[in-house]
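Novice: If it helps, the file is called input-v6.txt and holds compact mmCIF, C-alpha atoms and all ligand atoms:
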```
# COMPACT_ATOMS: atom_id res chain seq x y z
CA MET A 1 7.66 16.93 -15.11
CA LYS A 2 10.40 19.17 -13.79
CA VAL A 3 13.80 17.61 -13.05
CA ILE A 4 16.11 19.32 -10.56
CA THR A 5 19.64 17.91 -10.45
CA VAL A 6 21.40 18.16 -7.09
CA LYS A 7 24.88 17.29 -5.80
CA ASN A 8 23.77 14.76 -3.22
CA GLN A 9 21.02 13.58 -0.90
CA LEU A 10 21.56 16.44 1.55
CA GLU A 11 21.13 19.10 -1.14
CA GLY A 12 18.13 17.20 -2.51
CA ALA A 13 16.59 17.06 0.95
CA LYS A 14 16.94 20.83 1.31
CA VAL A 15 15.31 21.43 -2.09
CA GLY A 16 12.50 19.05 -1.12
CA PHE A 17 12.08 20.74 2.24
CA ASP A 18 11.75 24.19 0.60
CA LEU A 19 9.03 22.81 -1.70
CA LEU A 20 7.22 21.35 1.30
CA LYS A 21 7.45 24.61 3.21
CA GLU A 22 6.00 26.49 0.24
CA ALA A 23 3.16 23.97 -0.04
CA MET A 24 2.42 24.32 3.68
CA ASP A 25 2.47 28.13 3.36
CA ASN A 26 -0.13 27.65 0.63
CA GLY A 27 -2.35 25.58 2.89
CA ALA A 28 -1.17 21.97 2.42
CA LYS A 29 -2.52 19.91 5.34
CA THR A 30 -2.04 16.29 4.24
CA LEU A 31 1.29 14.79 3.29
CA GLY A 32 1.75 11.51 1.45
CA LEU A 33 4.93 9.91 2.80
CA ALA A 34 7.36 7.27 1.59
CA THR A 35 9.93 5.00 3.19
CA GLY A 36 13.26 3.64 1.94
CA SER A 37 16.71 5.18 2.26
CA THR A 38 15.92 7.98 -0.21
CA PRO A 39 13.76 10.30 1.96
CA VAL A 40 15.71 9.84 5.21
CA GLU A 41 17.66 13.08 4.91
CA PHE A 42 14.49 14.91 3.88
CA TYR A 43 12.86 13.73 7.12
CA ASN A 44 15.94 14.92 9.02
CA GLN A 45 15.41 18.37 7.55
CA ILE A 46 11.82 18.37 8.81
CA VAL A 47 12.89 17.18 12.27
CA LYS A 48 15.59 19.87 12.49
CA SER A 49 13.22 22.62 11.37
CA ASP A 50 10.99 24.66 13.62
CA LEU A 51 7.97 24.00 11.39
CA ASP A 52 4.92 22.98 13.36
CA PHE A 53 3.22 19.77 12.17
CA SER A 54 0.71 19.45 14.99
CA ASP A 55 -2.08 20.37 12.59
CA MET A 56 -0.83 18.11 9.79
CA THR A 57 -1.98 14.68 8.65
CA SER A 58 0.20 12.07 6.98
CA VAL A 59 -0.79 9.10 4.86
CA ASN A 60 1.94 6.59 4.05
CA LEU A 61 2.26 4.68 0.83
CA ASP A 62 2.72 1.13 1.98
CA GLU A 63 3.54 -1.51 4.58
CA TYR A 64 4.85 -5.06 4.57
CA VAL A 65 2.23 -7.73 5.20
CA GLY A 66 2.83 -9.55 8.49
CA LEU A 67 4.84 -6.84 10.26
CA ASP A 68 3.42 -4.56 12.92
CA GLY A 69 4.69 -1.22 14.16
CA ALA A 70 6.86 -2.81 16.85
CA ASP A 71 8.83 -4.75 14.23
CA GLU A 72 12.02 -2.88 13.39
CA GLN A 73 11.70 -3.77 9.71
CA SER A 74 8.18 -2.42 9.40
CA TYR A 75 7.57 0.84 7.62
CA HIS A 76 5.56 1.95 10.64
CA TYR A 77 8.66 1.57 12.82
CA PHE A 78 10.74 3.38 10.20
CA MET A 79 8.37 6.35 10.14
CA ASN A 80 8.19 6.57 13.94
CA LYS A 81 11.96 6.50 14.18
CA HIS A 82 12.79 8.94 11.39
CA LEU A 83 9.92 11.36 11.72
CA PHE A 84 6.84 10.89 13.87
CA ASN A 85 8.57 10.41 17.25
CA GLU A 86 10.54 13.60 16.67
CA LYS A 87 7.93 15.73 14.94
CA PRO A 88 4.41 15.04 16.15
CA PHE A 89 1.60 15.31 13.59
CA LYS A 90 -2.11 15.60 14.27
CA GLU A 91 -2.53 12.08 12.89
CA ASN A 92 -0.49 9.51 10.98
CA PHE A 93 -2.01 6.82 8.79
CA LEU A 94 -0.24 3.69 7.49
CA PRO A 95 -1.77 0.50 6.13
CA ASN A 96 -1.97 -2.18 8.80
CA GLY A 97 0.19 -5.08 7.61
CA LYS A 98 -1.14 -7.29 10.40
CA ALA A 99 -4.82 -6.86 9.50
CA SER A 100 -6.58 -10.22 9.54
CA ASP A 101 -8.64 -9.21 6.51
CA LEU A 102 -6.23 -7.48 4.15
CA GLU A 103 -8.86 -6.79 1.49
CA ALA A 104 -11.00 -4.98 4.05
CA GLU A 105 -7.90 -3.09 5.23
CA ALA A 106 -7.22 -1.96 1.65
CA LYS A 107 -10.79 -0.68 1.31
CA ALA A 108 -10.60 1.12 4.64
CA TYR A 109 -7.33 2.73 3.56
CA ASP A 110 -8.94 4.03 0.36
CA GLN A 111 -11.59 5.59 2.55
CA ILE A 112 -8.88 7.29 4.62
CA ILE A 113 -7.30 8.67 1.43
CA ALA A 114 -10.70 9.89 0.22
CA GLU A 115 -11.25 11.70 3.52
CA HIS A 116 -7.72 13.15 3.54
CA PRO A 117 -6.90 14.19 -0.01
CA ILE A 118 -3.12 14.32 -0.38
CA ASP A 119 -1.74 17.81 -0.95
CA PHE A 120 1.93 16.91 -1.20
CA GLN A 121 3.20 13.43 -2.00
CA ILE A 122 6.80 12.30 -1.44
CA LEU A 123 7.99 9.39 -3.56
CA GLY A 124 11.11 7.32 -3.98
CA ILE A 125 11.46 4.95 -6.89
CA GLY A 126 12.40 1.27 -7.10
CA GLN A 127 15.15 0.13 -9.46
CA ASN A 128 12.45 -1.48 -11.59
CA GLY A 129 10.40 1.74 -11.67
CA HIS A 130 7.98 0.86 -8.88
CA ILE A 131 6.39 3.62 -6.83
CA GLY A 132 5.00 2.71 -3.42
CA PHE A 133 4.96 -1.06 -3.94
CA ASN A 134 3.26 -0.87 -7.33
CA GLU A 135 5.40 -3.33 -9.23
CA PRO A 136 5.75 -3.40 -13.05
CA GLY A 137 2.55 -4.75 -14.55
CA THR A 138 0.27 -3.18 -11.93
CA SER A 139 -2.78 -1.57 -13.51
CA PHE A 140 -2.68 2.22 -13.54
CA GLY A 141 -6.26 2.04 -12.27
CA GLU A 142 -5.38 0.31 -8.98
CA THR A 143 -6.27 1.83 -5.63
CA THR A 144 -4.96 0.35 -2.35
CA HIS A 145 -4.27 -3.36 -2.81
CA VAL A 146 -2.26 -6.35 -1.67
CA VAL A 147 0.92 -6.88 -3.69
CA ASP A 148 3.15 -9.89 -4.35
CA LEU A 149 6.63 -8.41 -4.27
CA GLN A 150 8.84 -9.19 -7.24
CA GLU A 151 12.07 -11.10 -6.79
CA SER A 152 14.12 -8.03 -7.78
CA THR A 153 12.39 -5.90 -5.13
CA ILE A 154 12.91 -8.57 -2.47
CA LYS A 155 16.61 -8.62 -3.38
CA ALA A 156 16.89 -4.81 -3.43
CA ASN A 157 15.19 -4.49 -0.03
CA ALA A 158 17.09 -7.41 1.56
CA ARG A 159 19.80 -4.93 2.65
CA PHE A 160 17.46 -3.79 5.45
CA PHE A 161 16.98 -7.35 6.77
CA LYS A 162 19.33 -9.88 8.36
CA ASN A 163 18.62 -12.51 5.70
CA GLU A 164 16.94 -12.29 2.32
CA GLU A 165 14.49 -14.98 3.55
CA ASP A 166 13.25 -12.52 6.19
CA VAL A 167 11.95 -10.05 3.59
CA PRO A 168 8.14 -10.32 3.51
CA ARG A 169 6.81 -11.57 0.17
CA LYS A 170 3.70 -9.40 0.28
CA ALA A 171 2.87 -5.81 0.98
CA ILE A 172 -0.17 -3.58 1.08
CA SER A 173 0.25 -0.49 -1.06
CA MET A 174 -1.57 2.60 -2.10
CA GLY A 175 -2.34 2.16 -5.81
CA ILE A 176 -1.18 4.24 -8.72
CA ALA A 177 -4.63 5.78 -9.14
CA SER A 178 -4.48 6.91 -5.49
CA ILE A 179 -0.99 8.37 -5.92
CA MET A 180 -2.11 10.27 -9.02
CA THR A 181 -4.82 12.08 -7.00
CA ALA A 182 -2.12 13.94 -5.01
CA LYS A 183 -2.11 17.65 -5.78
CA ALA A 184 1.69 17.87 -6.00
CA ILE A 185 4.30 15.11 -6.17
CA VAL A 186 8.00 15.28 -5.34
CA LEU A 187 10.01 12.21 -6.33
CA MET A 188 13.58 11.79 -5.15
CA ALA A 189 16.22 9.47 -6.60
CA TYR A 190 19.90 9.08 -5.85
CA GLY A 191 22.59 6.83 -7.28
CA GLU A 192 23.25 4.99 -10.49
CA SER A 193 21.03 2.04 -9.55
CA LYS A 194 18.07 4.38 -10.23
CA ALA A 195 19.28 5.70 -13.61
CA GLU A 196 17.35 3.20 -15.80
CA ALA A 197 14.14 3.82 -13.86
CA ILE A 198 14.57 7.59 -14.08
CA LYS A 199 15.09 7.40 -17.83
CA GLY A 200 11.99 5.24 -18.25
CA MET A 201 9.95 7.51 -16.02
CA VAL A 202 10.94 10.81 -17.64
CA GLU A 203 11.47 9.90 -21.29
CA GLY A 204 10.05 6.45 -21.83
CA GLU A 205 6.72 5.28 -23.12
CA ILE A 206 3.89 5.54 -20.59
CA THR A 207 3.40 1.88 -19.80
CA GLU A 208 2.37 -0.30 -16.88
CA ALA A 209 5.71 -2.09 -17.36
CA MET A 210 7.32 1.08 -15.93
CA PRO A 211 4.89 2.19 -13.18
CA ALA A 212 6.52 5.60 -12.58
CA SER A 213 6.03 6.57 -16.26
CA ILE A 214 2.41 7.46 -15.42
CA LEU A 215 3.79 10.53 -13.64
CA GLN A 216 4.31 12.11 -17.08
CA LYS A 217 0.53 12.62 -17.03
CA HIS A 218 0.46 14.40 -13.69
CA ALA A 219 0.35 18.21 -13.81
CA ASP A 220 2.70 18.92 -10.88
CA VAL A 221 5.66 16.57 -10.49
CA VAL A 222 9.13 17.65 -9.40
CA VAL A 223 11.94 15.10 -9.63
CA ILE A 224 14.94 15.73 -7.38
CA ALA A 225 17.88 13.57 -8.42
CA ASP A 226 21.65 13.45 -8.30
CA GLU A 227 23.96 13.29 -11.35
CA ALA A 228 24.21 9.51 -11.20
CA ALA A 229 20.43 9.06 -11.26
CA VAL A 230 19.96 11.41 -14.24
CA ALA A 231 23.01 10.08 -16.12
CA LEU A 232 20.92 8.37 -18.82
CA LEU A 233 18.65 11.36 -19.58
C1 LIG B 1 10.62 0.32 -1.32
C2 LIG B 1 9.45 1.26 -1.05
C3 LIG B 1 9.41 2.41 -2.05
C4 LIG B 1 10.79 3.02 -2.20
C5 LIG B 1 11.76 1.97 -2.69
C6 LIG B 1 13.16 2.50 -2.92
O1 LIG B 1 10.33 -0.65 -2.26
N1 LIG B 1 8.19 0.59 -1.08
O2 LIG B 1 8.47 3.37 -1.60
O3 LIG B 1 10.74 4.09 -3.09
O4 LIG B 1 11.82 0.95 -1.71
O5 LIG B 1 13.93 2.42 -1.76
P1 LIG B 1 15.26 3.23 -1.52
O6 LIG B 1 14.88 4.64 -1.32
O7 LIG B 1 15.86 2.63 -0.28
O8 LIG B 1 16.10 3.02 -2.73
```
Is it possible to express this structure as structure tokens?
Specialist:
Amino acid sequence: MKVITVKNQLEGAKVGFDLLKEAMDNGAKTLGLATGSTPVEFYNQIVKSDLDFSDMTSVNLDEYVGLDGADEQSYHYFMNKHLFNEKPFKENFLPNGKASDLEAEAKAYDQIIAEHPIDFQILGIGQNGHIGFNEPGTSFGETTHVVDLQESTIKANARFFKNEEDVPRKAISMGIASIMTAKAIVLMAYGESKAEAIKGMVEGEITEAMPASILQKHADVVVIADEAAVALL
């Protein structure tokens, strides 16, 4: 795992963008994408660039159960707003949080991932070390599945909603086993609220209690983080 320390989110976004450009020069066609505040500036860099994505595919990590793309709090809406509306791809995949049969939706999503192997995966990290919505305790063997969000995640994500009660209690998320199949992974983290998780991920024991720690076993992971996020390393 390579850790690159940057001054702030803008510098991190530029470093991430250069890595993406290099991957695309080397033939990357499918991007694994993440939501949250962390990658927003990275998506701005893509939007501002003259890179052509019309031949690219994206596969997103997760979606809240019960929200569809028209809902402003959905991850689908977030992706449209920050990236897809501005930079058209060949195709964009996200789990359907409104699917009537969520188990079938999870299976179908695994099929999509199998048909579009991820060349370059962007990740953020939760304060409790979750990646995607794989909460502590999730088996490292999981593929796409329905998740009960933990209280701490509901609280952390409440800032995007009017009331904490509005935060969905469930999500559908790519599993850790799916994330680990990505050829290259770039994880970004900013701010002191991520410092514990970054320490656990980089230096801690590899344990399902700290989902991101599995990344120690991946051959090509770059962590882009600011001083506050790496303060405990
Ligand atoms: C959510 C998402 C994660 C993201 C995390 C951190 O839980 N499912 O993919 O990494 O939030 O969000 P932020 O970047 O806003 O700190």
Novice: What does the list of residues within 7 Å of ligand LIG 1 (chain B) look like if you count all atoms listed in the file, written as a PyMOL selection string?
Specialist: chain A and resi 34-39+61-62+123-126+131-133+153+157
Novice: Ranking A:Glu105, A:Glu208, A:Glu41, A:Glu164 by minimum distance to A:His145 and counting only C-alpha atoms, which one comes first?
Specialist: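 The answer is A:Glu105, which sits nearest to A:His145.
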Novice: For A:Gly12, which residue among A:Val40, A:Leu67, A:Ile118, A:Ile112 is the nearest when counting only C-alpha atoms?
Specialist: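 The answer is A:Val40, which sits nearest to A:Gly12.
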Novice: Hey, which of A:Ala229, A:Met24, A:Val15, A:Leu94 ends up closest to A:Asp52? Count all atoms listed in the file.
Specialist: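 Of the candidates, the smallest distance to A:Asp52 is held by A:Met24.
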Novice: Restricting the calculation to all atoms listed in the file: of A:Ala197, A:Ala114, A:Ala99, A:Val47, which residue gets closest to A:Lys81?
Specialist: A:Val47
Novice: Report, in Å with one decimal, the straight-line distance from atom CA of A:Thr143 to atom CA of A:Glu103.
Specialist: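 One can read the atom CA of A:Thr143 to atom CA of A:Glu103 distance as 11.5 Å.
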Novice: Would you mind telling me which residue in A:Glu142, A:Glu115, A:Glu11, A:Glu205 lies nearest to A:Val59 when using all atoms listed in the file?
Specialist: A:Glu115
Novice: What does the structure give for the distance between atom CA of A:Asp220 and atom CA of A:Asn44, in Å to one decimal?
Specialist: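 One can read the atom CA of A:Asp220 to atom CA of A:Asn44 distance as 24.2 Å.
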Novice: Just the residues within 9 Å of A:Phe17, please, counting all atoms listed in the file, with nothing from its chain fewer than 2 positions along; format it as a list of chain:residue names.
Specialist: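 Those residues are A:Gly12, A:Ala13, A:Lys14, A:Val15, A:Leu19, A:Leu20, A:Lys21, A:Glu22, A:Phe42, A:Tyr43, A:Gln45, A:Ile46.
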Novice: Would you list the residues near (11.6, -0.2, -9.1) (no more than 12 Å away, in the coordinates of the file, using only C-alpha atoms) as a PyMOL selection string?
Specialist: chain A and resi 36+123-137+149-157+189+193-198+200-201+209-213
Novice: Hey, what's within 12 Å of A:Phe93 if we count all atoms listed in the file and toss same-chain stuff fewer than 6 positions away? As a ChimeraX atom specification, please?
Specialist: /A:30-34,56-63,69,75-76,79-80,84,108-113,115-116,118,174
Novice: Place N, CA and C atoms on stretch 208-228 of chain A and deliver the coordinates as a tab-separated table (two decimals), keeping the file's coordinate frame.
Specialist:
```tsv
chain	number	residue	atom	x	y	z
A	208	GLU	N	2.46	0.35	-18.19
A	208	GLU	CA	2.37	-0.30	-16.88
A	208	GLU	C	3.63	-1.12	-16.57
A	209	ALA	N	4.44	-1.38	-17.59
A	209	ALA	CA	5.71	-2.09	-17.36
A	209	ALA	C	6.70	-1.19	-16.61
A	210	MET	N	6.46	0.11	-16.64
A	210	MET	CA	7.32	1.08	-15.93
A	210	MET	C	6.36	1.98	-15.12
A	211	PRO	N	5.95	1.50	-13.92
A	211	PRO	CA	4.89	2.19	-13.18
A	211	PRO	C	5.07	3.71	-13.06
A	212	ALA	N	6.30	4.17	-12.80
A	212	ALA	CA	6.52	5.60	-12.58
A	212	ALA	C	6.29	6.44	-13.84
A	213	SER	N	6.23	5.80	-15.02
A	213	SER	CA	6.03	6.57	-16.26
A	213	SER	C	4.68	7.29	-16.28
A	214	ILE	N	3.73	6.81	-15.48
A	214	ILE	CA	2.41	7.46	-15.42
A	214	ILE	C	2.53	8.91	-14.93
A	215	LEU	N	3.61	9.18	-14.20
A	215	LEU	CA	3.79	10.53	-13.64
A	215	LEU	C	3.93	11.58	-14.74
A	216	GLN	N	4.26	11.16	-15.96
A	216	GLN	CA	4.31	12.11	-17.08
A	216	GLN	C	2.94	12.77	-17.29
A	217	LYS	N	1.89	12.09	-16.83
A	217	LYS	CA	0.53	12.62	-17.03
A	217	LYS	C	0.06	13.49	-15.88
A	218	HIS	N	0.87	13.60	-14.84
A	218	HIS	CA	0.46	14.40	-13.69
A	218	HIS	C	0.91	15.85	-13.92
A	219	ALA	N	0.08	16.80	-13.49
A	219	ALA	CA	0.35	18.21	-13.81
A	219	ALA	C	1.44	18.84	-12.94
A	220	ASP	N	1.75	18.26	-11.77
A	220	ASP	CA	2.70	18.92	-10.88
A	220	ASP	C	3.65	17.90	-10.23
A	221	VAL	N	4.66	17.51	-11.01
A	221	VAL	CA	5.66	16.57	-10.49
A	221	VAL	C	7.04	17.22	-10.55
A	222	VAL	N	7.74	17.20	-9.42
A	222	VAL	CA	9.13	17.65	-9.40
A	222	VAL	C	9.99	16.43	-9.07
A	223	VAL	N	11.00	16.19	-9.88
A	223	VAL	CA	11.94	15.10	-9.63
A	223	VAL	C	13.23	15.72	-9.10
A	224	ILE	N	13.67	15.26	-7.95
A	224	ILE	CA	14.94	15.73	-7.38
A	224	ILE	C	15.91	14.56	-7.45
A	225	ALA	N	16.99	14.72	-8.21
A	225	ALA	CA	17.88	13.57	-8.42
A	225	ALA	C	19.33	14.02	-8.51
A	226	ASP	N	20.22	13.11	-8.17
A	226	ASP	CA	21.65	13.45	-8.30
A	226	ASP	C	22.13	13.10	-9.72
A	227	GLU	N	23.39	13.49	-10.00
A	227	GLU	CA	23.96	13.29	-11.35
A	227	GLU	C	23.89	11.83	-11.78
A	228	ALA	N	24.18	10.93	-10.84
A	228	ALA	CA	24.21	9.51	-11.20
A	228	ALA	C	22.81	9.02	-11.61
```
